[in-house]
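start-v1.tsv, holding TSV, N, CA and C atoms:
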```
chain	number	residue	atom	x	y	z
A	1080	MET	N	0.83	-14.17	-9.10
A	1080	MET	CA	1.04	-13.04	-9.98
A	1080	MET	C	-0.22	-12.71	-10.78
A	1081	VAL	N	-0.94	-13.75	-11.18
A	1081	VAL	CA	-2.18	-13.53	-11.96
A	1081	VAL	C	-3.22	-12.84	-11.09
A	1082	ILE	N	-3.28	-13.20	-9.82
A	1082	ILE	CA	-4.25	-12.58	-8.92
A	1082	ILE	C	-3.96	-11.09	-8.77
A	1083	LEU	N	-2.69	-10.74	-8.68
A	1083	LEU	CA	-2.30	-9.33	-8.59
A	1083	LEU	C	-2.73	-8.57	-9.83
A	1084	ASN	N	-2.54	-9.15	-11.00
A	1084	ASN	CA	-2.97	-8.51	-12.24
A	1084	ASN	C	-4.48	-8.30	-12.26
A	1085	VAL	N	-5.23	-9.28	-11.82
A	1085	VAL	CA	-6.69	-9.17	-11.81
A	1085	VAL	C	-7.13	-8.07	-10.83
A	1086	VAL	N	-6.52	-8.03	-9.67
A	1086	VAL	CA	-6.86	-7.00	-8.67
A	1086	VAL	C	-6.57	-5.61	-9.23
A	1087	ILE	N	-5.44	-5.44	-9.86
A	1087	ILE	CA	-5.07	-4.14	-10.43
A	1087	ILE	C	-6.04	-3.74	-11.54
A	1088	VAL	N	-6.39	-4.66	-12.41
A	1088	VAL	CA	-7.32	-4.35	-13.50
A	1088	VAL	C	-8.71	-4.02	-12.97
A	1089	VAL	N	-9.17	-4.73	-11.95
A	1089	VAL	CA	-10.47	-4.41	-11.35
A	1089	VAL	C	-10.44	-3.02	-10.72
A	1090	PHE	N	-9.34	-2.69	-10.04
A	1090	PHE	CA	-9.20	-1.34	-9.46
A	1090	PHE	C	-9.21	-0.28	-10.56
A	1091	LEU	N	-8.53	-0.54	-11.67
A	1091	LEU	CA	-8.51	0.41	-12.78
A	1091	LEU	C	-9.89	0.61	-13.37
A	1092	ILE	N	-10.65	-0.45	-13.51
A	1092	ILE	CA	-12.02	-0.34	-14.05
A	1092	ILE	C	-12.90	0.45	-13.09
A	1093	CYS	N	-12.78	0.17	-11.80
A	1093	CYS	CA	-13.57	0.91	-10.81
A	1093	CYS	C	-13.22	2.39	-10.82
A	1094	CYS	N	-11.93	2.70	-10.90
A	1094	CYS	CA	-11.50	4.11	-10.96
A	1094	CYS	C	-12.04	4.79	-12.21
A	1095	ALA	N	-11.97	4.12	-13.33
A	1095	ALA	CA	-12.44	4.72	-14.59
A	1095	ALA	C	-13.94	4.99	-14.53
A	1096	LEU	N	-14.71	4.07	-13.99
A	1096	LEU	CA	-16.15	4.28	-13.86
A	1096	LEU	C	-16.46	5.40	-12.87
A	1097	ALA	N	-15.72	5.46	-11.78
A	1097	ALA	CA	-15.95	6.50	-10.78
A	1097	ALA	C	-15.58	7.88	-11.32
A	1098	ILE	N	-14.53	7.97	-12.10
A	1098	ILE	CA	-14.13	9.26	-12.69
A	1098	ILE	C	-15.23	9.79	-13.59
A	1099	GLY	N	-15.87	8.92	-14.33
A	1099	GLY	CA	-16.93	9.35	-15.22
A	1099	GLY	C	-18.21	9.76	-14.51
A	1100	ARG	N	-18.43	9.27	-13.30
A	1100	ARG	CA	-19.68	9.54	-12.59
A	1100	ARG	C	-19.58	10.62	-11.53
A	1101	ILE	N	-18.38	10.95	-11.07
A	1101	ILE	CA	-18.23	11.89	-9.96
A	1101	ILE	C	-18.50	13.32	-10.44
A	1102	LYS	N	-19.13	14.11	-9.57
A	1102	LYS	CA	-19.45	15.50	-9.91
A	1102	LYS	C	-18.40	16.48	-9.38
A	1103	ASP	N	-17.63	16.06	-8.38
A	1103	ASP	CA	-16.60	16.91	-7.80
A	1103	ASP	C	-15.34	16.82	-8.65
A	1104	LEU	N	-14.92	17.94	-9.22
A	1104	LEU	CA	-13.77	17.92	-10.13
A	1104	LEU	C	-12.47	17.58	-9.40
A	1105	LEU	N	-12.32	18.06	-8.17
A	1105	LEU	CA	-11.13	17.73	-7.40
A	1105	LEU	C	-11.06	16.23	-7.12
A	1106	GLY	N	-12.19	15.65	-6.79
A	1106	GLY	CA	-12.23	14.21	-6.59
A	1106	GLY	C	-11.90	13.43	-7.85
A	1107	ALA	N	-12.36	13.95	-8.99
A	1107	ALA	CA	-12.05	13.30	-10.27
A	1107	ALA	C	-10.56	13.34	-10.56
A	1108	VAL	N	-9.91	14.45	-10.24
A	1108	VAL	CA	-8.46	14.55	-10.47
A	1108	VAL	C	-7.72	13.60	-9.53
A	1109	ILE	N	-8.17	13.50	-8.30
A	1109	ILE	CA	-7.53	12.57	-7.36
A	1109	ILE	C	-7.70	11.13	-7.83
A	1110	LEU	N	-8.89	10.79	-8.30
A	1110	LEU	CA	-9.10	9.44	-8.84
A	1110	LEU	C	-8.25	9.20	-10.09
A	1111	PHE	N	-8.11	10.23	-10.92
A	1111	PHE	CA	-7.27	10.10	-12.11
A	1111	PHE	C	-5.81	9.86	-11.72
A	1112	SER	N	-5.36	10.54	-10.67
A	1112	SER	CA	-3.99	10.32	-10.19
A	1112	SER	C	-3.80	8.90	-9.68
A	1113	ALA	N	-4.81	8.41	-8.94
A	1113	ALA	CA	-4.74	7.03	-8.45
A	1113	ALA	C	-4.74	6.04	-9.61
A	1114	TYR	N	-5.55	6.34	-10.62
A	1114	TYR	CA	-5.59	5.50	-11.82
A	1114	TYR	C	-4.21	5.46	-12.49
A	1115	SER	N	-3.59	6.61	-12.65
A	1115	SER	CA	-2.28	6.66	-13.31
A	1115	SER	C	-1.21	5.95	-12.49
A	1116	LEU	N	-1.25	6.12	-11.18
A	1116	LEU	CA	-0.27	5.41	-10.34
A	1116	LEU	C	-0.45	3.90	-10.41
A	1117	MET	N	-1.70	3.46	-10.40
A	1117	MET	CA	-1.95	2.03	-10.48
A	1117	MET	C	-1.58	1.50	-11.87
A	1118	MET	N	-1.78	2.32	-12.89
A	1118	MET	CA	-1.37	1.92	-14.24
A	1118	MET	C	0.15	1.74	-14.30
A	1119	SER	N	0.89	2.63	-13.62
A	1119	SER	CA	2.34	2.48	-13.61
A	1119	SER	C	2.76	1.23	-12.85
A	1120	VAL	N	2.03	0.87	-11.80
A	1120	VAL	CA	2.31	-0.38	-11.09
A	1120	VAL	C	2.05	-1.58	-12.00
A	1121	LEU	N	0.97	-1.51	-12.77
A	1121	LEU	CA	0.67	-2.59	-13.71
A	1121	LEU	C	1.78	-2.72	-14.75
A	1122	TRP	N	2.27	-1.60	-15.25
A	1122	TRP	CA	3.37	-1.67	-16.22
A	1122	TRP	C	4.62	-2.29	-15.59
A	1123	LEU	N	4.85	-2.00	-14.30
A	1123	LEU	CA	5.99	-2.61	-13.62
A	1123	LEU	C	5.80	-4.12	-13.49
A	1124	VAL	N	4.60	-4.55	-13.14
A	1124	VAL	CA	4.31	-5.98	-13.02
A	1124	VAL	C	4.50	-6.67	-14.37
A	1125	LEU	N	4.16	-5.97	-15.45
A	1125	LEU	CA	4.32	-6.54	-16.78
A	1125	LEU	C	5.75	-6.44	-17.32
A	1126	LYS	N	6.67	-5.99	-16.44
A	1126	LYS	CA	8.10	-5.93	-16.74
A	1126	LYS	C	8.45	-4.94	-17.86
A	1127	THR	N	7.81	-3.77	-17.82
A	1127	THR	CA	8.17	-2.68	-18.73
A	1127	THR	C	8.45	-1.43	-17.89
A	1128	PRO	N	9.64	-1.38	-17.27
A	1128	PRO	CA	9.93	-0.29	-16.35
A	1128	PRO	C	10.02	1.08	-17.01
A	1129	ASP	N	10.44	1.13	-18.27
A	1129	ASP	CA	10.53	2.43	-18.94
A	1129	ASP	C	9.14	3.05	-19.13
A	1130	VAL	N	8.16	2.24	-19.48
A	1130	VAL	CA	6.79	2.73	-19.63
A	1130	VAL	C	6.22	3.08	-18.27
A	1131	ALA	N	6.56	2.31	-17.23
A	1131	ALA	CA	6.07	2.58	-15.88
A	1131	ALA	C	6.58	3.92	-15.36
A	1132	ILE	N	7.85	4.20	-15.58
A	1132	ILE	CA	8.42	5.47	-15.14
A	1132	ILE	C	7.77	6.63	-15.89
A	1133	THR	N	7.56	6.47	-17.18
A	1133	THR	CA	6.91	7.53	-17.96
A	1133	THR	C	5.48	7.76	-17.51
A	1134	GLU	N	4.75	6.70	-17.25
A	1134	GLU	CA	3.37	6.82	-16.78
A	1134	GLU	C	3.32	7.51	-15.42
A	1135	ALA	N	4.23	7.16	-14.54
A	1135	ALA	CA	4.24	7.77	-13.21
A	1135	ALA	C	4.62	9.25	-13.29
A	1136	ALA	N	5.59	9.57	-14.12
A	1136	ALA	CA	6.04	10.96	-14.21
A	1136	ALA	C	5.04	11.85	-14.93
A	1137	ILE	N	4.57	11.41	-16.07
A	1137	ILE	CA	3.66	12.23	-16.87
A	1137	ILE	C	2.22	12.06	-16.42
A	1138	GLY	N	1.74	10.84	-16.33
A	1138	GLY	CA	0.34	10.59	-16.00
A	1138	GLY	C	-0.04	11.02	-14.60
A	1139	ALA	N	0.72	10.59	-13.62
A	1139	ALA	CA	0.37	10.91	-12.23
A	1139	ALA	C	1.00	12.21	-11.77
A	1140	GLY	N	2.11	12.57	-12.34
A	1140	GLY	CA	2.81	13.76	-11.86
A	1140	GLY	C	2.41	15.05	-12.55
A	1141	VAL	N	2.87	15.22	-13.76
A	1141	VAL	CA	2.69	16.49	-14.47
A	1141	VAL	C	1.22	16.77	-14.78
A	1142	THR	N	0.51	15.78	-15.26
A	1142	THR	CA	-0.89	15.98	-15.61
A	1142	THR	C	-1.72	16.33	-14.39
A	1143	SER	N	-1.48	15.67	-13.27
A	1143	SER	CA	-2.24	15.98	-12.05
A	1143	SER	C	-1.96	17.39	-11.57
A	1144	ILE	N	-0.71	17.81	-11.63
A	1144	ILE	CA	-0.37	19.18	-11.22
A	1144	ILE	C	-1.06	20.20	-12.12
A	1145	LEU	N	-1.09	19.93	-13.41
A	1145	LEU	CA	-1.78	20.84	-14.33
A	1145	LEU	C	-3.28	20.88	-14.04
A	1146	PHE	N	-3.88	19.73	-13.78
A	1146	PHE	CA	-5.31	19.69	-13.45
A	1146	PHE	C	-5.60	20.44	-12.15
A	1147	PHE	N	-4.75	20.28	-11.13
A	1147	PHE	CA	-4.94	21.00	-9.87
A	1147	PHE	C	-4.83	22.51	-10.09
A	1148	ALA	N	-3.90	22.93	-10.94
A	1148	ALA	CA	-3.75	24.36	-11.22
A	1148	ALA	C	-4.99	24.91	-11.92
A	1149	VAL	N	-5.54	24.16	-12.85
A	1149	VAL	CA	-6.74	24.61	-13.57
A	1149	VAL	C	-7.94	24.67	-12.62
A	1150	ILE	N	-8.08	23.66	-11.76
A	1150	ILE	CA	-9.20	23.66	-10.83
A	1150	ILE	C	-9.11	24.82	-9.85
A	1151	SER	N	-7.89	25.20	-9.47
A	1151	SER	CA	-7.75	26.34	-8.56
A	1151	SER	C	-8.19	27.64	-9.21
A	1152	LYS	N	-8.20	27.70	-10.53
A	1152	LYS	CA	-8.62	28.90	-11.25
A	1152	LYS	C	-10.11	28.89	-11.60
A	1153	THR	N	-10.77	27.77	-11.42
A	1153	THR	CA	-12.18	27.64	-11.78
A	1153	THR	C	-12.98	27.20	-10.56
A	1154	LYS	N	-14.27	26.92	-10.79
A	1154	LYS	CA	-15.10	26.39	-9.71
A	1154	LYS	C	-14.83	24.90	-9.54
A	1155	ARG	N	-15.02	24.43	-8.32
A	1155	ARG	CA	-14.68	23.06	-8.02
A	1155	ARG	C	-15.72	22.06	-8.49
A	1156	TYR	N	-16.97	22.45	-8.46
A	1156	TYR	CA	-18.04	21.51	-8.77
A	1156	TYR	C	-18.60	21.75	-10.17
A	1157	GLU	N	-18.94	20.67	-10.82
A	1157	GLU	CA	-19.56	20.71	-12.13
A	1157	GLU	C	-21.06	20.93	-11.95
A	1158	LYS	N	-21.69	21.67	-12.84
A	1158	LYS	CA	-23.14	21.92	-12.72
A	1158	LYS	C	-23.93	20.81	-13.36
```
Using structure tokens, write down the structure that the file contains.
Amino acid sequence: MVILNVVIVVFLICCALAIGRIKDLLGAVILFSAYSLMMSVLWLVLKTPDVAITEAAIGAGVTSILFFAVISKTKRYEK
């Protein structure tokens, strides 16, 4: 179980660093969605299912849809 927690935290750190460095906004939103989904898995592993469901619904679901809608109205790449 400890190894799973370490793997998840390392993935979260890598995603966070990649989100900050990527120039493609669509890629950043996809990485953010992966980050939120993995965060909800971590909450499940830590035995807090109510927080996990909220993170999956709001973090990975609604926020990602809003980001995709905004990107469709703007340019995809950052200058």
Alpha helix (DSSP H) per DSSP on the backbone: members of chain A, as a short mmCIF file (atom, residue, chain, number, x, y, z; two decimals) with N, CA and C atoms, in the frame of the given file:
```
data_model
loop_
_atom_site.label_atom_id
_atom_site.label_comp_id
_atom_site.auth_asym_id
_atom_site.auth_seq_id
_atom_site.Cartn_x
_atom_site.Cartn_y
_atom_site.Cartn_z
N VAL A 1081 -0.94 -13.75 -11.18
CA VAL A 1081 -2.18 -13.53 -11.96
C VAL A 1081 -3.22 -12.84 -11.09
N ILE A 1082 -3.28 -13.20 -9.82
CA ILE A 1082 -4.25 -12.58 -8.92
C ILE A 1082 -3.96 -11.09 -8.77
N LEU A 1083 -2.69 -10.74 -8.68
CA LEU A 1083 -2.30 -9.33 -8.59
C LEU A 1083 -2.73 -8.57 -9.83
N ASN A 1084 -2.54 -9.15 -11.00
CA ASN A 1084 -2.97 -8.51 -12.24
C ASN A 1084 -4.48 -8.30 -12.26
N VAL A 1085 -5.23 -9.28 -11.82
CA VAL A 1085 -6.69 -9.17 -11.81
C VAL A 1085 -7.13 -8.07 -10.83
N VAL A 1086 -6.52 -8.03 -9.67
CA VAL A 1086 -6.86 -7.00 -8.67
C VAL A 1086 -6.57 -5.61 -9.23
N ILE A 1087 -5.44 -5.44 -9.86
CA ILE A 1087 -5.07 -4.14 -10.43
C ILE A 1087 -6.04 -3.74 -11.54
N VAL A 1088 -6.39 -4.66 -12.41
CA VAL A 1088 -7.32 -4.35 -13.50
C VAL A 1088 -8.71 -4.02 -12.97
N VAL A 1089 -9.17 -4.73 -11.95
CA VAL A 1089 -10.47 -4.41 -11.35
C VAL A 1089 -10.44 -3.02 -10.72
N PHE A 1090 -9.34 -2.69 -10.04
CA PHE A 1090 -9.20 -1.34 -9.46
C PHE A 1090 -9.21 -0.28 -10.56
N LEU A 1091 -8.53 -0.54 -11.67
CA LEU A 1091 -8.51 0.41 -12.78
C LEU A 1091 -9.89 0.61 -13.37
N ILE A 1092 -10.65 -0.45 -13.51
CA ILE A 1092 -12.02 -0.34 -14.05
C ILE A 1092 -12.90 0.45 -13.09
N CYS A 1093 -12.78 0.17 -11.80
CA CYS A 1093 -13.57 0.91 -10.81
C CYS A 1093 -13.22 2.39 -10.82
N CYS A 1094 -11.93 2.70 -10.90
CA CYS A 1094 -11.50 4.11 -10.96
C CYS A 1094 -12.04 4.79 -12.21
N ALA A 1095 -11.97 4.12 -13.33
CA ALA A 1095 -12.44 4.72 -14.59
C ALA A 1095 -13.94 4.99 -14.53
N LEU A 1096 -14.71 4.07 -13.99
CA LEU A 1096 -16.15 4.28 -13.86
C LEU A 1096 -16.46 5.40 -12.87
N ALA A 1097 -15.72 5.46 -11.78
CA ALA A 1097 -15.95 6.50 -10.78
C ALA A 1097 -15.58 7.88 -11.32
N ILE A 1098 -14.53 7.97 -12.10
CA ILE A 1098 -14.13 9.26 -12.69
C ILE A 1098 -15.23 9.79 -13.59
N GLY A 1099 -15.87 8.92 -14.33
CA GLY A 1099 -16.93 9.35 -15.22
C GLY A 1099 -18.21 9.76 -14.51
N ARG A 1100 -18.43 9.27 -13.30
CA ARG A 1100 -19.68 9.54 -12.59
C ARG A 1100 -19.58 10.62 -11.53
N LEU A 1104 -14.92 17.94 -9.22
CA LEU A 1104 -13.77 17.92 -10.13
C LEU A 1104 -12.47 17.58 -9.40
N LEU A 1105 -12.32 18.06 -8.17
CA LEU A 1105 -11.13 17.73 -7.40
C LEU A 1105 -11.06 16.23 -7.12
N GLY A 1106 -12.19 15.65 -6.79
CA GLY A 1106 -12.23 14.21 -6.59
C GLY A 1106 -11.90 13.43 -7.85
N ALA A 1107 -12.36 13.95 -8.99
CA ALA A 1107 -12.05 13.30 -10.27
C ALA A 1107 -10.56 13.34 -10.56
N VAL A 1108 -9.91 14.45 -10.24
CA VAL A 1108 -8.46 14.55 -10.47
C VAL A 1108 -7.72 13.60 -9.53
N ILE A 1109 -8.17 13.50 -8.30
CA ILE A 1109 -7.53 12.57 -7.36
C ILE A 1109 -7.70 11.13 -7.83
N LEU A 1110 -8.89 10.79 -8.30
CA LEU A 1110 -9.10 9.44 -8.84
C LEU A 1110 -8.25 9.20 -10.09
N PHE A 1111 -8.11 10.23 -10.92
CA PHE A 1111 -7.27 10.10 -12.11
C PHE A 1111 -5.81 9.86 -11.72
N SER A 1112 -5.36 10.54 -10.67
CA SER A 1112 -3.99 10.32 -10.19
C SER A 1112 -3.80 8.90 -9.68
N ALA A 1113 -4.81 8.41 -8.94
CA ALA A 1113 -4.74 7.03 -8.45
C ALA A 1113 -4.74 6.04 -9.61
N TYR A 1114 -5.55 6.34 -10.62
CA TYR A 1114 -5.59 5.50 -11.82
C TYR A 1114 -4.21 5.46 -12.49
N SER A 1115 -3.59 6.61 -12.65
CA SER A 1115 -2.28 6.66 -13.31
C SER A 1115 -1.21 5.95 -12.49
N LEU A 1116 -1.25 6.12 -11.18
CA LEU A 1116 -0.27 5.41 -10.34
C LEU A 1116 -0.45 3.90 -10.41
N MET A 1117 -1.70 3.46 -10.40
CA MET A 1117 -1.95 2.03 -10.48
C MET A 1117 -1.58 1.50 -11.87
N MET A 1118 -1.78 2.32 -12.89
CA MET A 1118 -1.37 1.92 -14.24
C MET A 1118 0.15 1.74 -14.30
N SER A 1119 0.89 2.63 -13.62
CA SER A 1119 2.34 2.48 -13.61
C SER A 1119 2.76 1.23 -12.85
N VAL A 1120 2.03 0.87 -11.80
CA VAL A 1120 2.31 -0.38 -11.09
C VAL A 1120 2.05 -1.58 -12.00
N LEU A 1121 0.97 -1.51 -12.77
CA LEU A 1121 0.67 -2.59 -13.71
C LEU A 1121 1.78 -2.72 -14.75
N TRP A 1122 2.27 -1.60 -15.25
CA TRP A 1122 3.37 -1.67 -16.22
C TRP A 1122 4.62 -2.29 -15.59
N LEU A 1123 4.85 -2.00 -14.30
CA LEU A 1123 5.99 -2.61 -13.62
C LEU A 1123 5.80 -4.12 -13.49
N VAL A 1124 4.60 -4.55 -13.14
CA VAL A 1124 4.31 -5.98 -13.02
C VAL A 1124 4.50 -6.67 -14.37
N PRO A 1128 9.64 -1.38 -17.27
CA PRO A 1128 9.93 -0.29 -16.35
C PRO A 1128 10.02 1.08 -17.01
N ASP A 1129 10.44 1.13 -18.27
CA ASP A 1129 10.53 2.43 -18.94
C ASP A 1129 9.14 3.05 -19.13
N VAL A 1130 8.16 2.24 -19.48
CA VAL A 1130 6.79 2.73 -19.63
C VAL A 1130 6.22 3.08 -18.27
N ALA A 1131 6.56 2.31 -17.23
CA ALA A 1131 6.07 2.58 -15.88
C ALA A 1131 6.58 3.92 -15.36
N ILE A 1132 7.85 4.20 -15.58
CA ILE A 1132 8.42 5.47 -15.14
C ILE A 1132 7.77 6.63 -15.89
N THR A 1133 7.56 6.47 -17.18
CA THR A 1133 6.91 7.53 -17.96
C THR A 1133 5.48 7.76 -17.51
N THR A 1142 0.51 15.78 -15.26
CA THR A 1142 -0.89 15.98 -15.61
C THR A 1142 -1.72 16.33 -14.39
N SER A 1143 -1.48 15.67 -13.27
CA SER A 1143 -2.24 15.98 -12.05
C SER A 1143 -1.96 17.39 -11.57
N ILE A 1144 -0.71 17.81 -11.63
CA ILE A 1144 -0.37 19.18 -11.22
C ILE A 1144 -1.06 20.20 -12.12
N LEU A 1145 -1.09 19.93 -13.41
CA LEU A 1145 -1.78 20.84 -14.33
C LEU A 1145 -3.28 20.88 -14.04
N PHE A 1146 -3.88 19.73 -13.78
CA PHE A 1146 -5.31 19.69 -13.45
C PHE A 1146 -5.60 20.44 -12.15
N PHE A 1147 -4.75 20.28 -11.13
CA PHE A 1147 -4.94 21.00 -9.87
C PHE A 1147 -4.83 22.51 -10.09
N ALA A 1148 -3.90 22.93 -10.94
CA ALA A 1148 -3.75 24.36 -11.22
C ALA A 1148 -4.99 24.91 -11.92
N VAL A 1149 -5.54 24.16 -12.85
CA VAL A 1149 -6.74 24.61 -13.57
C VAL A 1149 -7.94 24.67 -12.62
N ILE A 1150 -8.08 23.66 -11.76
CA ILE A 1150 -9.20 23.66 -10.83
C ILE A 1150 -9.11 24.82 -9.85
N SER A 1151 -7.89 25.20 -9.47
CA SER A 1151 -7.75 26.34 -8.56
C SER A 1151 -8.19 27.64 -9.21
N LYS A 1152 -8.20 27.70 -10.53
CA LYS A 1152 -8.62 28.90 -11.25
C LYS A 1152 -10.11 28.89 -11.60
#
```
>> What's the separation between atom C of A:Val1086 and atom CA of A:Ile1098, in Å to one decimal place?
In response: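 Computed distance, atom C of A:Val1086 to atom CA of A:Ile1098, equals 17.0 Å.
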>> If we count only N, CA and C atoms and set the cut-off at 6.5 Å, which residues sit around A:Leu1116, ignoring sequence neighbours fewer than 2 positions away in its own chain? Please answer as JSON, numbers by chain.
In response: {"A": [1111, 1112, 1113, 1114, 1118, 1119, 1120, 1121, 1134, 1135, 1138, 1139]}
>> For a quick check of understanding, using only C-alpha atoms, which of A:Val1108, A:Ala1095, A:Val1088, A:Lys1102 has the smallest distance to A:Ile1144?
In response: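 Comparing A:Val1108, A:Ala1095, A:Val1088, A:Lys1102 against A:Ile1144, the winner is A:Val1108.
Nearest residue to A:Val1124 among A:Asn1084, A:Lys1152, A:Phe1147, A:Leu1110 is A:Asn1084, counting all atoms listed in the file.
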> Given the choices A:Leu1091, A:Leu1104, A:Thr1133, A:Leu1083, which gets closest to A:Ala1148 if the distance is worked out from only C-alpha atoms?
Replying inline: A:Leu1104
> Mind pulling up the distance from atom CA of A:Gly1140 to atom CA of A:Ile1101?
Replying inline: 21.2 Å
> Distance atom C of A:Leu1105-atom N of A:Ala1131, one decimal place?
Replying inline: 24.6 Å
> Using only C-alpha atoms, which residue out of A:Asp1103, A:Ser1143, A:Cys1093, A:Ile1087 lies closest to A:Leu1125?
Replying inline: A:Ile1087
What would stretch 1139-1146 of chain A look like with all heavy atoms in place, written as a PDB file, in the frame of the given file?
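Generated output (part_18.pdb):
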```pdb
ATOM      1  N   ALA A1139       0.720  10.590 -13.620  1.00  0.00           N
ATOM      2  CA  ALA A1139       0.370  10.910 -12.230  1.00  0.00           C
ATOM      3  C   ALA A1139       1.000  12.210 -11.770  1.00  0.00           C
ATOM      4  O   ALA A1139       0.434  12.889 -10.920  1.00  0.00           O
ATOM      5  CB  ALA A1139       0.807   9.779 -11.320  1.00  0.00           C
ATOM      6  N   GLY A1140       2.110  12.570 -12.340  1.00  0.00           N
ATOM      7  CA  GLY A1140       2.810  13.760 -11.860  1.00  0.00           C
ATOM      8  C   GLY A1140       2.410  15.050 -12.550  1.00  0.00           C
ATOM      9  O   GLY A1140       1.666  15.863 -12.003  1.00  0.00           O
ATOM     10  N   VAL A1141       2.870  15.220 -13.760  1.00  0.00           N
ATOM     11  CA  VAL A1141       2.690  16.490 -14.470  1.00  0.00           C
ATOM     12  C   VAL A1141       1.220  16.770 -14.780  1.00  0.00           C
ATOM     13  O   VAL A1141       0.732  17.880 -14.548  1.00  0.00           O
ATOM     14  CB  VAL A1141       3.534  16.484 -15.774  1.00  0.00           C
ATOM     15  CG1 VAL A1141       3.285  17.733 -16.577  1.00  0.00           C
ATOM     16  CG2 VAL A1141       5.009  16.352 -15.444  1.00  0.00           C
ATOM     17  N   THR A1142       0.510  15.780 -15.260  1.00  0.00           N
ATOM     18  CA  THR A1142      -0.890  15.980 -15.610  1.00  0.00           C
ATOM     19  C   THR A1142      -1.720  16.330 -14.390  1.00  0.00           C
ATOM     20  O   THR A1142      -2.570  17.236 -14.447  1.00  0.00           O
ATOM     21  CB  THR A1142      -1.450  14.718 -16.285  1.00  0.00           C
ATOM     22  OG1 THR A1142      -0.610  14.372 -17.384  1.00  0.00           O
ATOM     23  CG2 THR A1142      -2.858  14.937 -16.779  1.00  0.00           C
ATOM     24  N   SER A1143      -1.480  15.670 -13.270  1.00  0.00           N
ATOM     25  CA  SER A1143      -2.240  15.980 -12.050  1.00  0.00           C
ATOM     26  C   SER A1143      -1.960  17.390 -11.570  1.00  0.00           C
ATOM     27  O   SER A1143      -2.874  18.103 -11.144  1.00  0.00           O
ATOM     28  CB  SER A1143      -1.892  14.975 -10.956  1.00  0.00           C
ATOM     29  OG  SER A1143      -2.275  13.689 -11.355  1.00  0.00           O
ATOM     30  N   ILE A1144      -0.710  17.810 -11.630  1.00  0.00           N
ATOM     31  CA  ILE A1144      -0.370  19.180 -11.220  1.00  0.00           C
ATOM     32  C   ILE A1144      -1.060  20.200 -12.120  1.00  0.00           C
ATOM     33  O   ILE A1144      -1.596  21.203 -11.626  1.00  0.00           O
ATOM     34  CB  ILE A1144       1.165  19.371 -11.226  1.00  0.00           C
ATOM     35  CG1 ILE A1144       1.785  18.562 -10.098  1.00  0.00           C
ATOM     36  CG2 ILE A1144       1.533  20.845 -11.093  1.00  0.00           C
ATOM     37  CD1 ILE A1144       3.289  18.491 -10.141  1.00  0.00           C
ATOM     38  N   LEU A1145      -1.090  19.930 -13.410  1.00  0.00           N
ATOM     39  CA  LEU A1145      -1.780  20.840 -14.330  1.00  0.00           C
ATOM     40  C   LEU A1145      -3.280  20.880 -14.040  1.00  0.00           C
ATOM     41  O   LEU A1145      -3.896  21.950 -14.041  1.00  0.00           O
ATOM     42  CB  LEU A1145      -1.531  20.430 -15.775  1.00  0.00           C
ATOM     43  CG  LEU A1145      -0.128  20.692 -16.309  1.00  0.00           C
ATOM     44  CD1 LEU A1145       0.021  20.090 -17.697  1.00  0.00           C
ATOM     45  CD2 LEU A1145       0.166  22.166 -16.347  1.00  0.00           C
ATOM     46  N   PHE A1146      -3.880  19.730 -13.780  1.00  0.00           N
ATOM     47  CA  PHE A1146      -5.310  19.690 -13.450  1.00  0.00           C
ATOM     48  C   PHE A1146      -5.600  20.440 -12.150  1.00  0.00           C
ATOM     49  O   PHE A1146      -6.583  21.176 -12.048  1.00  0.00           O
ATOM     50  CB  PHE A1146      -5.816  18.259 -13.336  1.00  0.00           C
ATOM     51  CG  PHE A1146      -6.059  17.582 -14.649  1.00  0.00           C
ATOM     52  CD1 PHE A1146      -6.056  16.196 -14.733  1.00  0.00           C
ATOM     53  CD2 PHE A1146      -6.310  18.299 -15.802  1.00  0.00           C
ATOM     54  CE1 PHE A1146      -6.296  15.560 -15.936  1.00  0.00           C
ATOM     55  CE2 PHE A1146      -6.550  17.673 -17.007  1.00  0.00           C
ATOM     56  CZ  PHE A1146      -6.546  16.298 -17.071  1.00  0.00           C
TER      57      PHE A1146
END
```
